[in-house]
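**Student:** Have a look at this one.
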Amino acid sequence: MSDILVSEQSAPGPGGSGRPSGRLLEVDDLRVEFRTRDGVAKVINGVTYHVDAGETLAVLGESGSGKSVTAQTIMGILDTPPGFVTGGQVRFHGKDMLRMSDEERRRIRGEGIAMIFQDALSALNPVFTVGFQIAEQFRVRRGMGRAEAKKRAIDMLDQVKIPNAKGRFNNYPHQFSGGMRQRAMIAMSLALDPEVLIADEPTTALDVTVQAQIMDLLAELQRERQMGMILITHDLGVVADVADRIAVMYAGRIVEEADVYELYAKPAHPYTLGLIDSIPRLDEKGQQLRTIKGLPPNLMNIPPGCPFNPRCPMAQPVCREKVPPLLQVGPARASACHFAEELVNRV
Amino acid sequence: MSENILEVKDLVKHYPVTQGVVFKKTVGQVKAVDGVSFGLRAGETLGVVGESGCGKSTLARVLMNLEKPTEGSVLYKGQDISKLSGGGLRRLRRQIQLVMQDPYTSLNPRMTVGDLLGEPFEIHPEVAPKGSRRAKVRELLDLVGLNPEHINRYPHQFSGGQRQRIGIARALALRPEIIVCDEPVSALDVSIQAQVMNLLEQLQGEFGLSYVFIAHDLSVVRHLSDRVAVMYLGKIVEIGTEDEIYERPTHPYTQALLSAVPVPDPTQRNNKTIIRLTGDVPSPISPPSGCRFRTRCWKAQDVCAEQVPLLEIRRDSDHPSACHFAEKREIVATHEV
């Protein structure tokens with residue numbers, strides 16, 4: 001089965017696989033599995049996407065779809081064991097990071113690619129002050145002295161709009177509110193001016209009014225710095241507000257990739273369509289919500305053929321036999337469905 | 001609609017903040033719920049929305065009589081539930097049930113589904129005589145869309161959505177009149193969330209249930225609720241029908257809250273104005289004087305610091321709104337499919 005997967009999924013998507021292409025960050029046919037006591041879970045089964053300077057790629061998926069594991073692999077913070085990369089490349093400026101020495105990778109982290117996490121309280125070290133944790137980077141990576149590092153750290157706190165940055169420098173993470181912690185983490189990840197920022201569910205733990213503040217802040221900082229941003233989320237609302245392009249993941253694969261407007265207007269994969277139909281909307285009083293029947297597959301036992309076929313309303317016999325490759329279905333959009341054409345062309 | 005089945009009057013729940021180990025002294029009060037009144041009609045869904053720390057979960061606990069109110073009362077068909085004990089309380093519990101947020105921790109991992117769902121019948125043997133309990137449990141499983149064959153499975157063998165269905169089945173076991181749902185879908189994935197919401201709606205139609213539906217997700221609340229109460233720092237700031245709250249909100253907090261909800265439609269990106277609230281929610285230990293929202297409100301005047309605005313119908317508001325300057329305002333671009 002795995003042989004079929006390799007040949008099928010390596011078909012070039014719109015992201016383009018292959019030669020160095022001047023792209024900022026490319027994930028190419030990445031495969032990751034978790035080897036556990038109970039068996040091998042194939043968590044990522046050939047993921048290909050890229051992000052360029054100044055653009056926001058949203059990676060959309062439900063829990064277990066592999067969106068966070070992809071990000072962890074890019075950052076090189078995948079827990080090994082149980083996680084093992086079994087194939088593919090992660091190229092930064094055309095160079096495969098998976099084959100670099102630890103030293104080289106460390107240099108990219110922070111300056112090249114930085115990451116912010118969902119839960120700021122557990123991502124920050126509780127026994128050091130927030131200011132110290134930000135200033136530390138300037139001292140270690142930029143060789144600055146104590147005073148100068150402190151000045152720069154306060155400047156960072158200012159940039160993420162923490163009121164009274166100077167006074168807050170010596171606060172510990174628990175003295176910050178949820179929204180401020182998230183701001184502090186953003187300050188920390190942007191301290192070394194990274195080219196790519198990976199934001200893994202940055203606002204999921206926050207209230208709506210604070211969420212709006214944080215998303216605004218991220219968008220503003222991204223514009224100023226022309227960063228590439230990978231926004232990992234399950235929230236179709238947040239995505240609609242900020243993303244340029246969207247990659248939808250299901251069972252460790254990209255099932256659809258498209259420009260944000262096209263994706264919402266005309267999804268080219270039944271899973272995307274199901275997701276959009278199943279969310280209650282603030283601006284509409286709906287009756288019965290349409291649902292996706294069934295459950296996401298067990299990653300230790302992914303169904304043969306298209307992984308979505310047991311839940312798909314359009315499934316045909318071919319879907320149970322052949323894994324649909326991620327193929328182009330229009331300018332800059334791709335879908336991994338045997339019937340993508342029909343979906344896109346339907347009125 | 002008919003009479004109020006549940007009536008909440010000036011409900012207050014304060015938790016003491018203590019200092020010291022041996023000689024504990026009270027140094028303050030967390031004013032979790034601070035003067036809340038509303039009625040729940042038979043067969044309706046009352047949504048309660050608010051951000052974390054606004055007291056909505058404390059409200060659920062008091063409604064369930066898991067906490068005694070500091071002041072005020074909760075009347076079930078005219079009977080003050082906090083004054084009940086023994087048999088009276090047991091009879092009341094049959095009528096008000098709770099669905100909890102986290103389906104992972106609210107089910108005992110060492111009990112099978114059959115035991116979990118059979119337990120209510122042990123406490124209330126009058127509902128199902130001993131011999132018929134297994135059959136009752138199977139019926140419940142079938143009702144919430146689970147396979148009755150799975151009666152001997154343990155909670156860990158189910159997914160999150162299925163576990164929430166078990167939680168709902170357990171709440172339904174005694175055929176209550178009221179179910180208090182405390183964030184029942186917020187731990188679930190989008191595609192599963194819709195399934196559970198549909199189930200709740202279907203059950204309401206089938207059994208004529210009344211729901212108090214507590215959630216932070218405004219879209220979810222709108223979808224399920226007939227009436228909605230918006231809470232901020234222990235008080236209801238605005239209450240009305242789903243239409244009144246979502247289409248014609250008059251309290252600035254409701255307006256800000258609604259404007260901040262992302263709409264899953266990229267074409268609306270530039271069509272809506274987000275009201276940006278600055279700062280965080282103040283501490284419920286020492287809430288601001290007067291109107292509690294005034295520290296974040298763009299309309300705040302001197303009067304807001306001096307006078308607590310009452311929750312009442314006002315000149316420019318056709319439904320109760322607790323703002324001195326309540327008025328309509330266009331916020332979300334609505335009704336475009």
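Please note that chains go A, B, ... in the order of the structure tokens, that every chain numbers its residues from 1, and that ligands are numbered from 1 in the order shown.
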Which residues are near Lys150 (chain A)? Cut-off 10 Å, only C-alpha atoms, ignore same chain within fewer than 2 positions. Put them as a count of residues only.

**Tutor:** 19

**Student:** For the interface of chain A with chain B (cut-off 9 Å, counting only C-alpha atoms), please tabulate each contacting residue of chain A alongside its nearest pair of atoms and their separation in Å to one decimal, rows sorted by chain and increasing number, as a tab-separated table.

**Tutor:**
```
residue	atom	partner	partner_atom	distance
A:Glu62	CA	B:Asp189	CA	6.0
A:Ser63	CA	B:Asp189	CA	6.9
A:Pro163	CA	B:Gly279	CA	8.9
A:Ser177	CA	B:Asp280	CA	7.6
A:Gly179	CA	B:Asp280	CA	7.8
A:Met180	CA	B:Asp280	CA	8.9
A:Leu206	CA	B:Ser52	CA	8.6
A:Asp207	CA	B:Glu51	CA	5.8
A:Val208	CA	B:Ala260	CA	6.1
A:Thr209	CA	B:Ala260	CA	5.7
A:Val210	CA	B:Asp280	CA	7.8
A:Gln211	CA	B:Ala260	CA	8.0
A:Ala212	CA	B:Ala260	CA	5.8
A:Gln213	CA	B:Arg276	CA	7.1
A:His234	CA	B:Val190	CA	7.6
A:Asp235	CA	B:Val190	CA	8.2
A:Leu236	CA	B:Pro264	CA	5.4
A:Gly237	CA	B:Pro264	CA	3.9
A:Val238	CA	B:Pro262	CA	5.5
A:Val239	CA	B:Pro264	CA	7.4
A:Ala240	CA	B:Pro266	CA	4.5
A:Asp241	CA	B:Arg269	CA	5.8
A:Val242	CA	B:Pro266	CA	8.3
A:Ala243	CA	B:Pro266	CA	8.7
A:Val260	CA	B:Pro266	CA	6.8
A:Tyr261	CA	B:Pro266	CA	5.9
A:Tyr264	CA	B:Asp265	CA	6.6
A:Ala265	CA	B:Asp265	CA	8.4
A:Gly274	CA	B:Ser191	CA	7.6
A:Leu275	CA	B:Ser191	CA	6.1
A:Ile276	CA	B:Pro264	CA	8.0
A:Ser278	CA	B:Ala194	CA	5.6
A:Ile279	CA	B:Val190	CA	6.6
A:Pro280	CA	B:Ser219	CA	5.6
A:Arg281	CA	B:Ser219	CA	5.2
A:Leu282	CA	B:Ser219	CA	4.3
A:Asp283	CA	B:Thr334	CA	5.1
A:Glu284	CA	B:His335	CA	6.2
A:Lys285	CA	B:His223	CA	5.9
A:Gly286	CA	B:His223	CA	6.4
A:Gln287	CA	B:His223	CA	7.6
A:Gln288	CA	B:Asn198	CA	6.4
A:Leu289	CA	B:Ala194	CA	6.2
A:Arg290	CA	B:Ala194	CA	7.3
A:Thr291	CA	B:Ala194	CA	5.8
A:Ile292	CA	B:Ser191	CA	5.7
A:Lys293	CA	B:Gln195	CA	7.8
A:Gly294	CA	B:Ile192	CA	8.4
A:Leu295	CA	B:Ile192	CA	7.7
```

**Student:** Limited to N, CA and C atoms, could you put the picked residues into a file as a short mmCIF file (atom, residue, chain, number, x, y, z; two decimals), in the first residue's frame?

**Tutor:**
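So again-v1.cif came out as:
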```cif
data_model
loop_
_atom_site.label_atom_id
_atom_site.label_comp_id
_atom_site.auth_asym_id
_atom_site.auth_seq_id
_atom_site.Cartn_x
_atom_site.Cartn_y
_atom_site.Cartn_z
N GLU A 62 -8.92 19.32 11.35
CA GLU A 62 -9.44 18.98 12.66
C GLU A 62 -8.35 18.29 13.47
N SER A 63 -8.64 17.97 14.72
CA SER A 63 -7.60 17.33 15.52
C SER A 63 -7.25 15.99 14.90
N PRO A 163 0.94 47.32 27.42
CA PRO A 163 0.99 48.62 28.09
C PRO A 163 2.06 48.62 29.19
N SER A 177 -2.16 38.39 31.86
CA SER A 177 -3.43 37.77 31.47
C SER A 177 -3.19 36.93 30.20
N GLY A 179 -4.30 37.09 27.13
CA GLY A 179 -4.00 37.83 25.92
C GLY A 179 -2.59 38.42 25.96
N MET A 180 -2.18 38.90 27.14
CA MET A 180 -0.85 39.50 27.26
C MET A 180 0.25 38.45 27.13
N LEU A 206 -8.19 31.79 23.57
CA LEU A 206 -8.54 33.15 23.98
C LEU A 206 -10.01 33.48 23.71
N ASP A 207 -10.50 34.48 24.42
CA ASP A 207 -11.87 34.95 24.19
C ASP A 207 -11.96 35.73 22.89
N VAL A 208 -13.16 35.84 22.33
CA VAL A 208 -13.29 36.49 21.02
C VAL A 208 -12.75 37.89 20.95
N THR A 209 -13.02 38.71 21.97
CA THR A 209 -12.55 40.09 21.85
C THR A 209 -11.02 40.14 21.88
N VAL A 210 -10.42 39.25 22.67
CA VAL A 210 -8.96 39.21 22.73
C VAL A 210 -8.41 38.57 21.45
N GLN A 211 -9.12 37.58 20.96
CA GLN A 211 -8.71 36.94 19.71
C GLN A 211 -8.60 37.95 18.59
N ALA A 212 -9.58 38.84 18.52
CA ALA A 212 -9.56 39.86 17.47
C ALA A 212 -8.33 40.75 17.62
N GLN A 213 -8.01 41.11 18.88
CA GLN A 213 -6.82 41.94 19.12
C GLN A 213 -5.55 41.24 18.63
N HIS A 234 -8.21 25.44 13.28
CA HIS A 234 -9.39 24.66 12.88
C HIS A 234 -10.57 25.61 12.68
N ASP A 235 -10.33 26.90 12.84
CA ASP A 235 -11.41 27.87 12.87
C ASP A 235 -11.61 28.50 11.50
N LEU A 236 -12.69 28.12 10.83
CA LEU A 236 -12.93 28.63 9.49
C LEU A 236 -13.20 30.12 9.47
N GLY A 237 -13.62 30.66 10.60
CA GLY A 237 -13.87 32.09 10.67
C GLY A 237 -12.59 32.89 10.64
N VAL A 238 -11.63 32.49 11.49
CA VAL A 238 -10.34 33.19 11.55
C VAL A 238 -9.65 33.13 10.19
N VAL A 239 -9.71 31.96 9.57
CA VAL A 239 -9.06 31.77 8.28
C VAL A 239 -9.63 32.74 7.24
N ALA A 240 -10.94 32.86 7.22
CA ALA A 240 -11.58 33.72 6.22
C ALA A 240 -11.13 35.17 6.38
N ASP A 241 -10.78 35.55 7.61
CA ASP A 241 -10.38 36.92 7.86
C ASP A 241 -8.95 37.24 7.44
N VAL A 242 -8.03 36.28 7.58
CA VAL A 242 -6.63 36.66 7.42
C VAL A 242 -5.85 35.94 6.33
N ALA A 243 -6.32 34.77 5.90
CA ALA A 243 -5.47 33.96 5.02
C ALA A 243 -5.44 34.47 3.59
N VAL A 260 -8.07 31.82 -0.83
CA VAL A 260 -9.11 31.87 0.20
C VAL A 260 -10.50 32.14 -0.37
N TYR A 261 -10.60 33.04 -1.35
CA TYR A 261 -11.91 33.37 -1.90
C TYR A 261 -12.51 32.19 -2.65
N TYR A 264 -13.83 29.24 -0.28
CA TYR A 264 -15.12 29.40 0.37
C TYR A 264 -16.26 29.45 -0.66
N ALA A 265 -15.96 30.02 -1.83
CA ALA A 265 -17.01 30.14 -2.83
C ALA A 265 -17.30 28.79 -3.47
N GLY A 274 -18.13 19.90 3.27
CA GLY A 274 -18.80 19.45 4.49
C GLY A 274 -18.46 20.34 5.67
N LEU A 275 -17.19 20.72 5.79
CA LEU A 275 -16.76 21.58 6.89
C LEU A 275 -17.48 22.92 6.83
N ILE A 276 -17.50 23.53 5.66
CA ILE A 276 -18.11 24.85 5.52
C ILE A 276 -19.60 24.77 5.83
N SER A 278 -21.02 22.71 7.85
CA SER A 278 -21.37 22.25 9.19
C SER A 278 -21.14 23.29 10.28
N ILE A 279 -20.63 24.48 9.92
CA ILE A 279 -20.45 25.47 10.98
C ILE A 279 -21.66 26.38 11.09
N PRO A 280 -22.12 26.58 12.32
CA PRO A 280 -23.20 27.55 12.51
C PRO A 280 -22.62 28.94 12.25
N ARG A 281 -23.41 29.80 11.61
CA ARG A 281 -22.88 31.13 11.33
C ARG A 281 -23.58 32.19 12.14
N LEU A 282 -22.80 33.17 12.52
CA LEU A 282 -23.33 34.25 13.34
C LEU A 282 -24.35 35.06 12.57
N ASP A 283 -24.13 35.19 11.27
CA ASP A 283 -24.98 36.09 10.50
C ASP A 283 -26.14 35.37 9.83
N GLU A 284 -26.35 34.11 10.18
CA GLU A 284 -27.48 33.40 9.62
C GLU A 284 -28.12 32.56 10.70
N LYS A 285 -29.44 32.56 10.69
CA LYS A 285 -30.14 31.67 11.61
C LYS A 285 -30.53 30.45 10.80
N GLY A 286 -29.76 29.39 10.92
CA GLY A 286 -30.03 28.21 10.12
C GLY A 286 -31.01 27.29 10.81
N GLN A 287 -31.49 26.34 10.11
CA GLN A 287 -32.31 25.30 10.75
C GLN A 287 -31.40 24.14 11.13
N GLN A 288 -31.57 23.04 10.46
CA GLN A 288 -30.71 21.89 10.73
C GLN A 288 -29.34 22.16 10.11
N LEU A 289 -28.27 21.88 10.87
CA LEU A 289 -26.94 22.00 10.29
C LEU A 289 -26.67 20.76 9.46
N ARG A 290 -26.03 20.95 8.31
CA ARG A 290 -25.61 19.76 7.59
C ARG A 290 -24.35 19.23 8.25
N THR A 291 -24.23 17.95 8.36
CA THR A 291 -23.08 17.41 9.08
C THR A 291 -22.29 16.48 8.17
N ILE A 292 -21.04 16.25 8.59
CA ILE A 292 -20.26 15.19 7.96
C ILE A 292 -20.51 13.96 8.81
N LYS A 293 -21.02 12.92 8.22
CA LYS A 293 -21.33 11.74 9.04
C LYS A 293 -20.04 11.05 9.48
N GLY A 294 -20.15 10.25 10.52
CA GLY A 294 -19.03 9.41 10.94
C GLY A 294 -17.92 10.17 11.64
N LEU A 295 -16.77 9.50 11.74
CA LEU A 295 -15.64 10.02 12.50
C LEU A 295 -14.39 10.04 11.64
#
```

**Student:** Return as a PyMOL selection string the full set of residues in region 23-256 of chain A whose backbone-based DSSP assignment is strand (DSSP E).

**Tutor:** chain A and resi 25-36+39-51+56-60+83-92+95-96+113-116+196-200+228-233+245-250+253-256

**Student:** Using DSSP on the backbone coordinates, identify all residues within region 42-165 of chain B classified as helix (DSSP H, G or I); present the result as an MDAnalysis selection string.

**Tutor:** chainID B and resid 56:63 81:83 86:95 113:123 130:143 148:152 155:157 160:165

**Student:** Which neighbours of Tyr76 (chain B) fall inside 9 Å, counting only C-alpha atoms, when residues of the same chain fewer than 6 positions from it are skipped, and could you give them as number ranges by chain?

**Tutor:** B: 4-8, 92
